[in-house]
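Printed here is entry.txt (compact mmCIF, C-alpha atoms):
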```txt
# COMPACT_ATOMS: atom_id res chain seq x y z
CA MET A 126 4.68 -11.74 -20.06
CA LYS A 127 1.57 -13.45 -21.48
CA VAL A 128 1.61 -15.88 -18.54
CA TYR A 129 1.79 -13.07 -15.98
CA ILE A 130 -0.93 -11.05 -17.72
CA SER A 131 -3.18 -14.13 -17.77
CA VAL A 132 -2.60 -14.66 -14.05
CA LEU A 133 -3.39 -11.00 -13.43
CA LYS A 134 -6.69 -11.20 -15.36
CA LEU A 135 -7.73 -14.47 -13.71
CA ARG A 136 -7.04 -13.23 -10.18
CA LEU A 137 -8.81 -9.96 -10.92
CA SER A 138 -11.98 -11.78 -11.97
CA MET A 139 -11.81 -14.04 -8.92
CA GLY A 140 -11.27 -11.14 -6.54
CA MET A 141 -14.22 -9.17 -7.96
CA GLN A 142 -16.59 -11.88 -6.69
CA TYR A 143 -16.17 -10.95 -3.01
CA ARG A 144 -18.65 -8.05 -3.03
CA ALA A 145 -20.15 -8.64 0.43
CA ALA A 146 -16.72 -8.55 2.05
CA ALA A 147 -15.93 -5.36 0.13
CA LEU A 148 -19.12 -3.66 1.38
CA ALA A 149 -18.27 -4.61 4.96
CA GLY A 150 -14.81 -3.16 4.42
CA VAL A 151 -16.29 0.09 3.08
CA ALA A 152 -18.40 0.55 6.22
CA THR A 153 -15.39 -0.13 8.45
CA GLN A 154 -13.17 2.29 6.54
CA PHE A 155 -15.78 5.06 6.75
CA PHE A 156 -15.92 4.56 10.51
CA TRP A 157 -12.14 4.74 10.92
CA GLY A 158 -11.94 7.69 8.55
CA PHE A 159 -14.36 9.76 10.63
CA ILE A 160 -12.68 8.71 13.89
CA SER A 161 -9.25 9.72 12.55
CA ILE A 162 -10.54 13.09 11.34
CA MET A 163 -12.16 13.85 14.71
CA VAL A 164 -9.00 12.90 16.61
CA PHE A 165 -6.77 15.09 14.45
CA GLU A 166 -9.30 17.94 14.53
CA ALA A 167 -9.16 17.94 18.34
CA PHE A 168 -5.36 17.83 18.17
CA TYR A 169 -5.23 20.80 15.79
CA LYS A 170 -7.56 22.89 17.95
CA GLN A 171 -5.21 22.47 20.93
CA ALA A 172 -1.97 22.90 18.98
CA SER A 173 0.20 25.76 20.27
CA HIS A 174 2.19 25.96 17.01
CA THR A 175 1.11 25.83 13.37
CA PRO A 176 1.31 22.17 12.25
CA PRO A 177 3.51 21.38 9.22
CA ILE A 178 0.46 20.12 7.31
CA SER A 179 -2.92 21.89 7.35
CA LEU A 180 -6.07 20.20 8.64
CA LYS A 181 -7.65 20.38 5.17
CA GLU A 182 -4.64 18.66 3.60
CA LEU A 183 -4.75 16.07 6.38
CA ILE A 184 -8.44 15.35 5.71
CA GLN A 185 -7.61 14.70 2.03
CA TYR A 186 -4.80 12.43 3.24
CA ILE A 187 -7.14 10.43 5.51
CA TRP A 188 -9.88 9.88 2.92
CA LEU A 189 -7.37 8.77 0.31
CA GLN A 190 -5.82 6.45 2.87
CA GLN A 191 -9.22 4.85 3.52
CA ALA A 192 -10.18 4.65 -0.17
CA PHE A 193 -6.88 3.06 -1.22
CA LEU A 194 -6.18 1.16 2.00
CA VAL A 195 -5.64 -2.13 0.18
CA PHE A 196 -2.98 -0.42 -1.95
CA VAL A 197 -0.96 0.71 1.06
CA MET A 198 -1.33 -1.83 3.88
CA MET A 199 1.03 -4.77 4.37
CA TRP A 200 -1.52 -6.75 6.40
CA PHE A 201 -3.38 -7.65 3.19
CA ARG A 202 -1.92 -11.09 2.55
CA ASP A 203 -2.30 -14.29 0.54
CA ASN A 204 -2.64 -17.19 2.96
CA GLU A 205 -2.46 -19.62 0.04
CA LEU A 206 1.17 -18.65 -0.58
CA PHE A 207 1.99 -19.06 3.10
CA ASP A 208 0.47 -22.55 3.04
CA LEU A 209 2.43 -23.48 -0.08
CA ILE A 210 5.70 -22.55 1.60
CA THR A 211 5.08 -24.07 5.03
CA SER A 212 3.39 -27.28 3.81
CA GLY A 213 5.95 -28.18 1.14
CA ASN A 214 3.46 -27.78 -1.71
CA ILE A 215 5.83 -25.20 -3.11
CA ALA A 216 7.10 -28.13 -5.18
CA TYR A 217 4.02 -27.78 -7.42
CA GLU A 218 4.79 -24.11 -7.98
CA LEU A 219 8.33 -24.95 -9.07
CA CYS A 220 6.92 -27.15 -11.83
CA ARG A 221 5.25 -24.22 -13.55
CA PRO A 222 6.83 -23.14 -16.87
CA SER A 223 7.24 -19.57 -15.62
CA GLY A 224 9.37 -17.60 -13.20
CA LEU A 225 8.09 -17.90 -9.64
CA TYR A 226 8.80 -14.27 -8.73
CA GLY A 227 6.82 -12.85 -11.66
CA PHE A 228 3.99 -15.35 -11.15
CA TRP A 229 3.57 -14.47 -7.47
CA TYR A 230 4.01 -10.75 -8.14
CA ALA A 231 1.19 -10.77 -10.72
CA LYS A 232 -1.02 -12.74 -8.34
CA LEU A 233 -0.48 -10.37 -5.42
CA LEU A 234 -0.96 -7.32 -7.65
CA ALA A 235 -4.29 -8.65 -8.97
CA GLN A 236 -5.59 -9.31 -5.47
CA ARG A 237 -4.99 -5.74 -4.40
CA LEU A 238 -6.41 -4.28 -7.61
CA SER A 239 -9.64 -6.31 -7.45
CA SER A 240 -10.19 -5.43 -3.80
CA VAL A 241 -9.63 -1.71 -4.26
CA PHE A 242 -11.92 -1.57 -7.32
CA LEU A 243 -14.78 -2.79 -5.14
CA ARG A 244 -14.03 -0.44 -2.23
CA CYS A 245 -12.55 2.83 -3.42
CA PHE A 246 -15.38 4.23 -5.55
CA PRO A 247 -18.12 4.20 -2.85
CA ILE A 248 -15.71 5.82 -0.38
CA LEU A 249 -14.52 8.47 -2.84
CA ILE A 250 -18.06 9.36 -3.98
CA VAL A 251 -19.41 9.76 -0.46
CA ALA A 252 -16.27 11.60 0.69
CA PHE A 253 -16.71 14.15 -2.15
CA LEU A 254 -20.34 14.71 -1.12
CA LEU A 255 -19.63 15.32 2.57
CA PRO A 256 -20.09 18.87 3.90
CA LYS A 257 -17.06 21.12 4.28
CA PRO A 258 -14.50 20.95 5.83
CA TYR A 259 -14.83 17.16 6.10
CA ASN A 260 -15.14 16.45 2.38
CA LEU A 261 -12.61 15.25 -0.13
CA GLU A 262 -11.79 17.92 -2.70
CA PRO A 263 -10.42 17.47 -6.24
CA PRO A 264 -6.75 18.26 -6.89
CA THR A 265 -5.83 21.85 -7.67
CA SER A 266 -4.90 21.05 -11.29
CA ILE A 267 -4.90 18.32 -13.93
CA THR A 268 -1.11 18.10 -13.63
CA THR A 269 -1.36 17.42 -9.91
CA PHE A 270 -3.98 14.73 -10.57
CA LEU A 271 -1.80 13.01 -13.18
CA LEU A 272 1.19 13.14 -10.85
CA PHE A 273 -0.96 11.61 -8.11
CA LEU A 274 -2.09 8.78 -10.40
CA SER A 275 1.51 8.06 -11.39
CA ALA A 276 2.69 8.16 -7.77
CA GLN A 277 -0.20 5.96 -6.61
CA LEU A 278 0.44 3.34 -9.30
CA LEU A 279 4.16 3.26 -8.58
CA GLY A 280 3.39 3.12 -4.87
CA LEU A 281 1.25 0.03 -5.45
CA LEU A 282 3.97 -1.68 -7.52
CA LEU A 283 6.48 -0.75 -4.84
CA LEU A 284 4.35 -2.17 -2.03
CA VAL A 285 3.91 -5.47 -3.89
CA ALA A 286 7.69 -5.62 -4.35
CA ILE A 287 8.13 -5.03 -0.60
CA SER A 288 5.48 -7.64 0.25
CA MET A 289 7.39 -10.22 -1.81
CA PHE A 290 10.12 -10.07 0.85
CA LEU A 291 7.46 -11.05 3.40
CA TYR A 292 6.80 -14.33 1.57
CA ILE A 293 10.50 -14.90 0.87
CA SER A 294 11.27 -14.54 4.60
CA VAL A 295 8.86 -17.39 5.40
CA PHE A 296 11.19 -19.76 3.54
CA ILE A 297 13.67 -19.06 6.33
CA THR A 298 11.50 -18.48 9.41
CA LEU A 299 8.60 -20.85 8.54
CA SER A 300 6.51 -18.44 10.64
CA PRO A 301 4.06 -16.43 8.53
CA MET A 302 2.65 -14.60 11.54
CA GLY A 303 6.07 -13.54 12.81
CA SER A 304 7.11 -12.19 9.42
CA LEU A 305 3.74 -10.50 8.96
CA LEU A 306 3.97 -8.73 12.31
CA VAL A 307 7.48 -7.41 11.64
CA PHE A 308 6.75 -6.23 8.10
CA GLY A 309 3.25 -4.98 8.97
CA VAL A 310 4.25 -2.85 11.94
CA LEU A 311 7.27 -1.31 10.20
CA SER A 312 5.50 -0.56 6.94
CA GLU A 313 2.31 0.80 8.54
CA PHE A 314 4.19 3.20 10.80
CA PHE A 315 6.82 4.48 8.38
CA ALA A 316 4.32 4.73 5.50
CA GLY A 317 2.45 7.33 7.55
CA LEU A 318 -0.68 5.24 8.11
CA VAL A 319 -0.56 5.72 11.90
CA ILE A 320 0.86 9.25 12.05
CA PRO A 321 1.37 11.26 8.85
CA VAL A 322 5.09 11.68 8.25
CA PRO A 323 5.01 15.53 8.48
CA LEU A 324 3.66 15.22 12.05
CA MET A 325 6.47 12.90 13.19
CA PRO A 326 9.46 14.20 15.17
CA VAL A 327 12.30 15.34 12.92
CA TRP A 328 14.52 12.36 13.80
CA LEU A 329 11.72 9.94 12.88
CA GLN A 330 11.08 11.79 9.63
CA LYS A 331 14.72 11.28 8.66
CA ILE A 332 14.35 7.53 9.16
CA ALA A 333 11.05 7.49 7.23
CA TYR A 334 12.64 9.31 4.28
CA LEU A 335 15.41 6.70 4.08
CA LEU A 336 13.02 3.74 3.97
CA PRO A 337 10.85 2.79 0.97
CA PHE A 338 7.58 2.57 2.92
CA ARG A 339 6.58 6.25 2.79
CA TRP A 340 6.74 6.20 -1.00
CA THR A 341 3.79 3.77 -1.06
CA ALA A 342 1.29 5.96 0.83
CA ASP A 343 2.54 9.21 2.36
CA PHE A 344 4.06 10.52 -0.87
CA PRO A 345 1.11 10.00 -3.30
CA PHE A 346 -1.46 11.26 -0.78
CA ARG A 347 0.49 14.45 -0.12
CA VAL A 348 0.91 14.98 -3.86
CA TYR A 349 -2.89 14.87 -4.23
CA SER A 350 -3.50 17.33 -1.39
CA GLY A 351 -0.93 19.76 -2.78
CA HIS A 352 1.32 19.53 0.27
CA ILE A 353 4.10 18.33 -2.04
CA PRO A 354 4.63 20.78 -4.96
CA GLU A 355 4.54 19.50 -8.53
CA ASP A 356 8.30 19.90 -9.11
CA ASP A 357 9.07 17.90 -5.95
CA ALA A 358 6.47 15.32 -7.00
CA VAL A 359 8.33 14.67 -10.27
CA ILE A 360 11.56 14.09 -8.34
CA GLY A 361 9.69 11.81 -5.93
CA ILE A 362 8.32 9.71 -8.80
CA LEU A 363 11.86 9.18 -10.08
CA ILE A 364 12.87 8.05 -6.58
CA GLN A 365 9.92 5.63 -6.58
CA LEU A 366 11.14 4.15 -9.87
CA ALA A 367 14.64 3.74 -8.44
CA TYR A 368 13.33 2.01 -5.31
CA LEU A 369 11.08 -0.24 -7.41
CA THR A 370 13.93 -1.32 -9.67
CA VAL A 371 16.27 -2.07 -6.77
CA LEU A 372 13.66 -3.96 -4.73
CA VAL A 373 12.53 -6.12 -7.67
CA LEU A 374 16.13 -7.06 -8.46
CA LEU A 375 16.88 -7.79 -4.79
CA GLY A 376 13.64 -9.76 -4.48
CA ARG A 377 14.44 -11.96 -7.47
CA THR A 378 17.92 -12.61 -6.11
CA ALA A 379 16.62 -13.39 -2.62
CA LEU A 380 13.92 -15.74 -3.93
CA ASN A 381 16.35 -17.62 -6.16
CA GLY A 382 18.69 -17.99 -3.19
CA ALA A 383 15.89 -19.27 -0.97
CA LEU A 384 14.71 -21.78 -3.60
CA LYS A 385 18.20 -23.27 -3.86
CA LYS A 386 17.96 -24.29 -0.19
CA VAL A 387 14.39 -25.62 -0.28
CA VAL A 388 14.02 -29.22 0.87
CA VAL A 389 10.70 -30.95 0.12
CA GLN A 390 10.07 -34.24 1.90
CA GLY A 391 7.42 -36.84 1.19
CA GLY A 392 6.22 -39.06 -1.66
```

Write-out of the structure in structure tokens:
Amino acid sequence: MKVYISVLKLRLSMGMQYRAAALAGVATQFFWGFISIMVFEAFYKQASHTPPISLKELIQYIWLQQAFLVFVMMWFRDNELFDLITSGNIAYELCRPSGLYGFWYAKLLAQRLSSVFLRCFPILIVAFLLPKPYNLEPPTSITTFLLFLSAQLLGLLLLVAISMFLYISVFITLSPMGSLLVFGVLSEFFAGLVIPVPLMPVWLQKIAYLLPFRWTADFPFRVYSGHIPEDDAVIGILIQLAYLTVLVLLGRTALNGALKKVVVQGG
């Protein structure tokens, strides 16, 4: 564990250096946040039936999505790992006196943490200061806030576990872009980043509830807004833990299987 913690600290310090890129990302996320709110506001005004999630809850959902975007999007990637796999330099990684899965997991986790530390606070502060009804409001209780923090942390760990399958698939396909497109489109849609899960047709909601993606974004954001009650949130957190355990075990098995078939040519 000391090795993985050291990797986590090192990657965190490296990631915190990219402040200019983070500021550019903040401006972009504010833009998309306002656009999304305006689109949904127009949709709600023309709705003939009461939507399953209120506009105020949806605004909380959107601002949290923008603030913690790096925690929930699959498109955030490590091109260095792709290059290691496709170039054959993976041989150097195999020489490390540590497990490859844990090493890469810690590295990917640190990259997301460092990026969100630079971006989330400016977005959250400004979102809280916006005029009603477009502002971000605090949770209804301390318990709800603690449940949100737990769900958000587990959602991050779960997303990193899912993203590990993206890198493992490149051992087979040797096409980072192809794997990224498949994983990115599926995860973004079923996590509720395009359309919030409550607004999906019932048959799509059933599919979303079976997949692990919604537990990375849709679930913690709806816990914060109060759309998911506290009792249901506790059950959801247990489901997150179950998904995380299964995906980590499957990921380790898949990576070990892929490494057994790796062929490195050259001097």

- Query: Which residues, written as JSON, numbers by chain, have at least one atom at most 10 Å from Lys386 in chain A, with all atoms listed in the file counted and residues fewer than 4 positions away on the same chain left out?
  - Reply: {"A": [296, 297, 381, 382]}

- Rank A:Ile215, A:Pro263, A:Met325, A:Thr341 by their smallest atom-to-atom distance to Ile250 in chain A, using all atoms listed in the file, and report the top residue only.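 Answer, going by the shortest atom-to-atom distance: A:Pro263.
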
- Item | Among listed residues A:Gln236, A:Thr269, A:Ser350, A:Thr211, nearest Thr298 in chain A (using only C-alpha atoms) |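 Checking each of A:Gln236, A:Thr269, A:Ser350, A:Thr211 against Thr298 in chain A, counting only C-alpha atoms, the winner is A:Thr211.
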
- Message: Taking all atoms listed in the file into account, name the residue in A:Tyr186, A:Leu329, A:Ala216, A:Ile287 that is nearest to Val371 in chain A.
- Response: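 Checking each candidate against Val371 in chain A, we get A:Ile287 as the closest.
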
- Note on the structure: In terms of all atoms listed in the file, the residue from A:Leu180, A:Val195, A:Val310, A:Leu305 at minimal distance from Met289 in chain A is A:Leu305

- Item | Exercise: residues within 7 Å of coordinate (12.1, -21.1, -6.7), counting only C-alpha atoms, as a PyMOL selection string | chain A and resi 219+225+380-381+384

- Task: Measuring atom to atom with all atoms listed in the file, identify which of A:Pro337, A:Ile178, A:Ser161, A:Ala167 is nearest to Val322 in chain A.
- Result: A:Ile178

- Item | Who sits within 12 Å of Tyr169 in chain A, only C-alpha atoms, same chain under 6 positions skipped, as an MDAnalysis selection string | chainID A and resid 162:163 175:181 183:184 324

Can those selected residues be exported to a file as a PDB file, in the frame of the given file so that it contains C-alpha atoms?
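Resulting contents of result38.pdb:
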```pdb
ATOM      1  CA  ILE A 162     -10.540  13.090  11.340  1.00  0.00           C
ATOM      2  CA  MET A 163     -12.160  13.850  14.710  1.00  0.00           C
ATOM      3  CA  THR A 175       1.110  25.830  13.370  1.00  0.00           C
ATOM      4  CA  PRO A 176       1.310  22.170  12.250  1.00  0.00           C
ATOM      5  CA  PRO A 177       3.510  21.380   9.220  1.00  0.00           C
ATOM      6  CA  ILE A 178       0.460  20.120   7.310  1.00  0.00           C
ATOM      7  CA  SER A 179      -2.920  21.890   7.350  1.00  0.00           C
ATOM      8  CA  LEU A 180      -6.070  20.200   8.640  1.00  0.00           C
ATOM      9  CA  LYS A 181      -7.650  20.380   5.170  1.00  0.00           C
ATOM     10  CA  LEU A 183      -4.750  16.070   6.380  1.00  0.00           C
ATOM     11  CA  ILE A 184      -8.440  15.350   5.710  1.00  0.00           C
ATOM     12  CA  LEU A 324       3.660  15.220  12.050  1.00  0.00           C
TER      13      LEU A 324
END
```

Centre, x/y/z edge lengths, axis-aligned box for range 152-168 of chain A with 8 Å per side, as AutoDock Vina command-line options:
```
--center_x -11.9 --center_y 8.9 --center_z 12.3 --size_x 29.0 --size_y 34.1 --size_z 28.1
```

- Query: Near Ala379 in chain A, within 10 Å and counting only C-alpha atoms, which residues show up once chain neighbours fewer than 3 positions away are dropped, as a PyMOL selection string?
  - Reply: chain A and resi 226+289-290+293-294+373-376+382-384
